[in-house]
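Below you'll find the structure, written out as structure tokens, and then a few comments.
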Amino acid sequence: MKKSFVLYIILIGLWGCEQKPYKPFLLGAWKVDSTYSYYNGFSYTERKSGGDWAKNIYSEDGLMKEVKYQTFQSYHYSWQGLDTIVLRSTSGGQPIYYQLLGLTQEQLILKKTKRGLFSEIDGERYEIRYMSRTNLPSEEIIPFVDPR
């Protein structure tokens with residue numbers, strides 16, 4: 001009887017761990033402040049806002065909208081372990097993995113590992129996105145449609 005009670009308590013504890021502690025901080029809208037790109041010893045930091053920098057809107061239902069130019073693409077997001085966010089486009093395709101480097105109420109830092117530019121050369125290539133909390137878009141946004 002005692003063993004089953006202890007096992008029950010452990011299972012409840014493990015189930016509770018399944019609820020990611022970061023999710024409440026992640027919910028809402030985020031804008032890119034800067035990006036840091038690294039490739040085999042060469043790095044570049046972009047601080048000037050670019051038109052292709054998206055706002056990411058994470059909702060409670062596990063959907064993330066990437067908003068650019070008053071259009072959006074939708075992704076299902078989930079957690080893999082404690083520090084990896086996995087995005088899967090609602091229109092299909094390969095999953096995208098972001099390592100969570102930092103998350104507070106006001107700042108989100110994500111790292112995306114990338115493939116090398118040349119297949120014959122092994123190396124390290126990644127991008128780090130520094131994001132801050134922002135307001136939801138005030139203008140109407142519509143789903144993105146690929147013109148090709």
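Each chain in the structure tokens gets a letter, A, B and so on, in the order shown; residues start at 1 in every chain, and ligands are counted from 1 in the order they appear.
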request  = Assign secondary structure with DSSP using the backbone only, and return the residues of range 56-117 of chain A in strand (DSSP E) as an NGL selection string.
outcome  = :A and (56-58 or 63-68 or 71-80 or 84-89 or 96-103 or 107-113)
message = For the alpha helix (DSSP H) assignment from backbone DSSP, which residues of range 6-142 of chain A qualify? Please present them as a VMD selection string.
response = chain A and resid 6 to 18 23 to 26
Would you put the residues from that selection into a file with N, CA and C atoms, as a PDB file, in the first residue's frame?
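The file below, out18.pdb, is the result:
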ATOM      1  N   VAL A   6       3.474   5.993  -2.863  1.00  0.00           N
ATOM      2  CA  VAL A   6       4.692   6.696  -3.257  1.00  0.00           C
ATOM      3  C   VAL A   6       4.780   6.762  -4.780  1.00  0.00           C
ATOM      4  N   LEU A   7       4.482   5.643  -5.458  1.00  0.00           N
ATOM      5  CA  LEU A   7       4.499   5.611  -6.922  1.00  0.00           C
ATOM      6  C   LEU A   7       3.483   6.607  -7.483  1.00  0.00           C
ATOM      7  N   TYR A   8       2.310   6.669  -6.871  1.00  0.00           N
ATOM      8  CA  TYR A   8       1.269   7.596  -7.293  1.00  0.00           C
ATOM      9  C   TYR A   8       1.755   9.045  -7.175  1.00  0.00           C
ATOM     10  N   ILE A   9       2.406   9.378  -6.074  1.00  0.00           N
ATOM     11  CA  ILE A   9       2.930  10.732  -5.858  1.00  0.00           C
ATOM     12  C   ILE A   9       4.000  11.057  -6.901  1.00  0.00           C
ATOM     13  N   ILE A  10       4.871  10.100  -7.197  1.00  0.00           N
ATOM     14  CA  ILE A  10       5.920  10.306  -8.207  1.00  0.00           C
ATOM     15  C   ILE A  10       5.301  10.534  -9.575  1.00  0.00           C
ATOM     16  N   LEU A  11       4.293   9.741  -9.930  1.00  0.00           N
ATOM     17  CA  LEU A  11       3.636   9.909 -11.235  1.00  0.00           C
ATOM     18  C   LEU A  11       2.954  11.265 -11.357  1.00  0.00           C
ATOM     19  N   ILE A  12       2.326  11.713 -10.293  1.00  0.00           N
ATOM     20  CA  ILE A  12       1.707  13.048 -10.313  1.00  0.00           C
ATOM     21  C   ILE A  12       2.786  14.111 -10.490  1.00  0.00           C
ATOM     22  N   GLY A  13       3.910  13.946  -9.812  1.00  0.00           N
ATOM     23  CA  GLY A  13       5.024  14.891  -9.948  1.00  0.00           C
ATOM     24  C   GLY A  13       5.556  14.925 -11.369  1.00  0.00           C
ATOM     25  N   LEU A  14       5.699  13.744 -11.987  1.00  0.00           N
ATOM     26  CA  LEU A  14       6.182  13.695 -13.370  1.00  0.00           C
ATOM     27  C   LEU A  14       5.172  14.310 -14.320  1.00  0.00           C
ATOM     28  N   TRP A  15       3.896  14.070 -14.096  1.00  0.00           N
ATOM     29  CA  TRP A  15       2.866  14.659 -14.938  1.00  0.00           C
ATOM     30  C   TRP A  15       2.900  16.176 -14.805  1.00  0.00           C
ATOM     31  N   GLY A  16       3.126  16.653 -13.596  1.00  0.00           N
ATOM     32  CA  GLY A  16       3.226  18.097 -13.363  1.00  0.00           C
ATOM     33  C   GLY A  16       4.414  18.700 -14.073  1.00  0.00           C
ATOM     34  N   CYS A  17       5.495  17.950 -14.208  1.00  0.00           N
ATOM     35  CA  CYS A  17       6.686  18.448 -14.914  1.00  0.00           C
ATOM     36  C   CYS A  17       6.415  18.596 -16.394  1.00  0.00           C
ATOM     37  N   GLU A  18       5.429  17.856 -16.887  1.00  0.00           N
ATOM     38  CA  GLU A  18       5.097  17.925 -18.310  1.00  0.00           C
ATOM     39  C   GLU A  18       4.602  19.319 -18.682  1.00  0.00           C
ATOM     40  N   LYS A  23       5.882  28.330 -20.610  1.00  0.00           N
ATOM     41  CA  LYS A  23       4.768  28.645 -21.492  1.00  0.00           C
ATOM     42  C   LYS A  23       4.050  29.941 -21.128  1.00  0.00           C
ATOM     43  N   PRO A  24       3.734  30.198 -19.862  1.00  0.00           N
ATOM     44  CA  PRO A  24       3.052  31.463 -19.560  1.00  0.00           C
ATOM     45  C   PRO A  24       3.858  32.693 -19.987  1.00  0.00           C
ATOM     46  N   PHE A  25       5.176  32.638 -19.868  1.00  0.00           N
ATOM     47  CA  PHE A  25       6.012  33.764 -20.300  1.00  0.00           C
ATOM     48  C   PHE A  25       6.024  33.886 -21.818  1.00  0.00           C
ATOM     49  N   LEU A  26       5.914  32.763 -22.524  1.00  0.00           N
ATOM     50  CA  LEU A  26       6.014  32.758 -23.981  1.00  0.00           C
ATOM     51  C   LEU A  26       4.777  33.359 -24.649  1.00  0.00           C
TER      52      LEU A  26
END
Find the residues around Thr84 in chain A up to 12 Å (only C-alpha atoms counted), leave out those fewer than 2 positions away in its own chain, and share them as a PDB file with N, CA and C atoms, in the first residue's frame.
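File part.pdb, as written:
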ATOM      1  N   LYS A  20       5.119  22.815 -19.144  1.00  0.00           N
ATOM      2  CA  LYS A  20       6.355  23.584 -19.276  1.00  0.00           C
ATOM      3  C   LYS A  20       6.261  24.891 -18.496  1.00  0.00           C
ATOM      4  N   TYR A  22       7.828  27.552 -18.831  1.00  0.00           N
ATOM      5  CA  TYR A  22       8.077  28.751 -19.622  1.00  0.00           C
ATOM      6  C   TYR A  22       6.855  29.205 -20.411  1.00  0.00           C
ATOM      7  N   LYS A  23       5.882  28.330 -20.610  1.00  0.00           N
ATOM      8  CA  LYS A  23       4.768  28.645 -21.492  1.00  0.00           C
ATOM      9  C   LYS A  23       4.050  29.941 -21.128  1.00  0.00           C
ATOM     10  N   TYR A  77       3.276  25.013 -32.251  1.00  0.00           N
ATOM     11  CA  TYR A  77       4.512  24.964 -31.468  1.00  0.00           C
ATOM     12  C   TYR A  77       4.353  23.990 -30.316  1.00  0.00           C
ATOM     13  N   SER A  78       5.463  23.360 -29.969  1.00  0.00           N
ATOM     14  CA  SER A  78       5.479  22.435 -28.842  1.00  0.00           C
ATOM     15  C   SER A  78       6.866  22.473 -28.227  1.00  0.00           C
ATOM     16  N   TRP A  79       6.986  21.858 -27.072  1.00  0.00           N
ATOM     17  CA  TRP A  79       8.255  21.812 -26.354  1.00  0.00           C
ATOM     18  C   TRP A  79       8.884  20.450 -26.539  1.00  0.00           C
ATOM     19  N   GLN A  80      10.173  20.431 -26.751  1.00  0.00           N
ATOM     20  CA  GLN A  80      10.949  19.189 -26.756  1.00  0.00           C
ATOM     21  C   GLN A  80      11.987  19.362 -25.654  1.00  0.00           C
ATOM     22  N   GLY A  81      11.832  18.626 -24.585  1.00  0.00           N
ATOM     23  CA  GLY A  81      12.696  18.851 -23.433  1.00  0.00           C
ATOM     24  C   GLY A  81      12.342  20.176 -22.791  1.00  0.00           C
ATOM     25  N   LEU A  82      13.264  20.696 -22.010  1.00  0.00           N
ATOM     26  CA  LEU A  82      12.998  21.958 -21.324  1.00  0.00           C
ATOM     27  C   LEU A  82      13.447  23.181 -22.102  1.00  0.00           C
ATOM     28  N   VAL A  86       9.673  23.555 -30.837  1.00  0.00           N
ATOM     29  CA  VAL A  86       9.552  22.962 -32.161  1.00  0.00           C
ATOM     30  C   VAL A  86       8.368  23.616 -32.865  1.00  0.00           C
ATOM     31  N   LEU A  87       8.619  24.145 -34.062  1.00  0.00           N
ATOM     32  CA  LEU A  87       7.560  24.739 -34.882  1.00  0.00           C
ATOM     33  C   LEU A  87       7.272  23.817 -36.055  1.00  0.00           C
ATOM     34  N   PRO A  95       9.941  20.241 -39.540  1.00  0.00           N
ATOM     35  CA  PRO A  95       9.884  21.029 -38.297  1.00  0.00           C
ATOM     36  C   PRO A  95      11.094  21.945 -38.175  1.00  0.00           C
ATOM     37  N   ILE A  96      10.922  23.038 -37.456  1.00  0.00           N
ATOM     38  CA  ILE A  96      11.974  24.010 -37.200  1.00  0.00           C
ATOM     39  C   ILE A  96      12.243  23.987 -35.697  1.00  0.00           C
ATOM     40  N   TYR A  97      13.515  23.880 -35.329  1.00  0.00           N
ATOM     41  CA  TYR A  97      13.889  23.771 -33.919  1.00  0.00           C
ATOM     42  C   TYR A  97      14.598  25.039 -33.460  1.00  0.00           C
ATOM     43  N   TYR A  98      14.155  25.569 -32.334  1.00  0.00           N
ATOM     44  CA  TYR A  98      14.794  26.717 -31.703  1.00  0.00           C
ATOM     45  C   TYR A  98      15.184  26.335 -30.284  1.00  0.00           C
ATOM     46  N   GLN A  99      16.427  26.583 -29.942  1.00  0.00           N
ATOM     47  CA  GLN A  99      16.869  26.377 -28.566  1.00  0.00           C
ATOM     48  C   GLN A  99      16.559  27.646 -27.781  1.00  0.00           C
ATOM     49  N   LEU A 100      15.914  27.484 -26.658  1.00  0.00           N
ATOM     50  CA  LEU A 100      15.571  28.607 -25.799  1.00  0.00           C
ATOM     51  C   LEU A 100      16.786  28.963 -24.958  1.00  0.00           C
ATOM     52  N   LEU A 101      17.361  30.140 -25.213  1.00  0.00           N
ATOM     53  CA  LEU A 101      18.527  30.601 -24.449  1.00  0.00           C
ATOM     54  C   LEU A 101      18.126  31.497 -23.290  1.00  0.00           C
ATOM     55  N   GLY A 102      16.990  32.146 -23.413  1.00  0.00           N
ATOM     56  CA  GLY A 102      16.536  33.030 -22.346  1.00  0.00           C
ATOM     57  C   GLY A 102      15.079  33.400 -22.540  1.00  0.00           C
ATOM     58  N   LEU A 103      14.351  33.493 -21.439  1.00  0.00           N
ATOM     59  CA  LEU A 103      12.952  33.894 -21.498  1.00  0.00           C
ATOM     60  C   LEU A 103      12.560  34.522 -20.176  1.00  0.00           C
ATOM     61  N   ILE A 109      15.066  34.952 -26.114  1.00  0.00           N
ATOM     62  CA  ILE A 109      16.283  34.731 -26.890  1.00  0.00           C
ATOM     63  C   ILE A 109      16.240  33.310 -27.432  1.00  0.00           C
ATOM     64  N   LEU A 110      16.270  33.191 -28.762  1.00  0.00           N
ATOM     65  CA  LEU A 110      16.180  31.892 -29.426  1.00  0.00           C
ATOM     66  C   LEU A 110      17.386  31.661 -30.327  1.00  0.00           C
ATOM     67  N   LYS A 111      17.860  30.428 -30.355  1.00  0.00           N
ATOM     68  CA  LYS A 111      18.989  30.047 -31.213  1.00  0.00           C
ATOM     69  C   LYS A 111      18.518  28.985 -32.203  1.00  0.00           C
ATOM     70  N   LYS A 112      18.815  29.238 -33.467  1.00  0.00           N
ATOM     71  CA  LYS A 112      18.469  28.287 -34.520  1.00  0.00           C
ATOM     72  C   LYS A 112      19.755  27.793 -35.165  1.00  0.00           C
ATOM     73  N   THR A 113      20.020  26.501 -35.047  1.00  0.00           N
ATOM     74  CA  THR A 113      21.180  25.903 -35.689  1.00  0.00           C
ATOM     75  C   THR A 113      20.856  25.711 -37.163  1.00  0.00           C
TER      76      THR A 113
END
key: Selection: 6 Å around range 31-33 of chain A, only C-alpha atoms, excl. self and same-chain fewer than 4 positions, as a PyMOL selection string   = chain A and resi 55+130-132
8 Å contact set for Ser34 in chain A, only C-alpha atoms, chain neighbours under 6 positions out, as a ChimeraX atom specification = /A:45-49,129-131
request  = Find the residues near Asn135 in chain A: any atom within 9 Å, counting only C-alpha atoms, skip ones fewer than 5 places away on the same chain, and give them as number ranges by chain.
outcome  = A: 28-31
Please produce a file of those selected residues containing C-alpha atoms, as a PDB file, in the first residue's frame.
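Final output, again-v4.pdb:
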ATOM      1  CA  GLY A  28       1.754  36.948 -26.457  1.00  0.00           C
ATOM      2  CA  ALA A  29       3.530  38.969 -29.155  1.00  0.00           C
ATOM      3  CA  TRP A  30       7.308  39.288 -29.630  1.00  0.00           C
ATOM      4  CA  LYS A  31       9.327  41.433 -32.043  1.00  0.00           C
TER       5      LYS A  31
END
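Atom pair CA of Ile128 in chain A / CA of Thr35 in chain A has a distance of 5.6 Å (rounded to one decimal).
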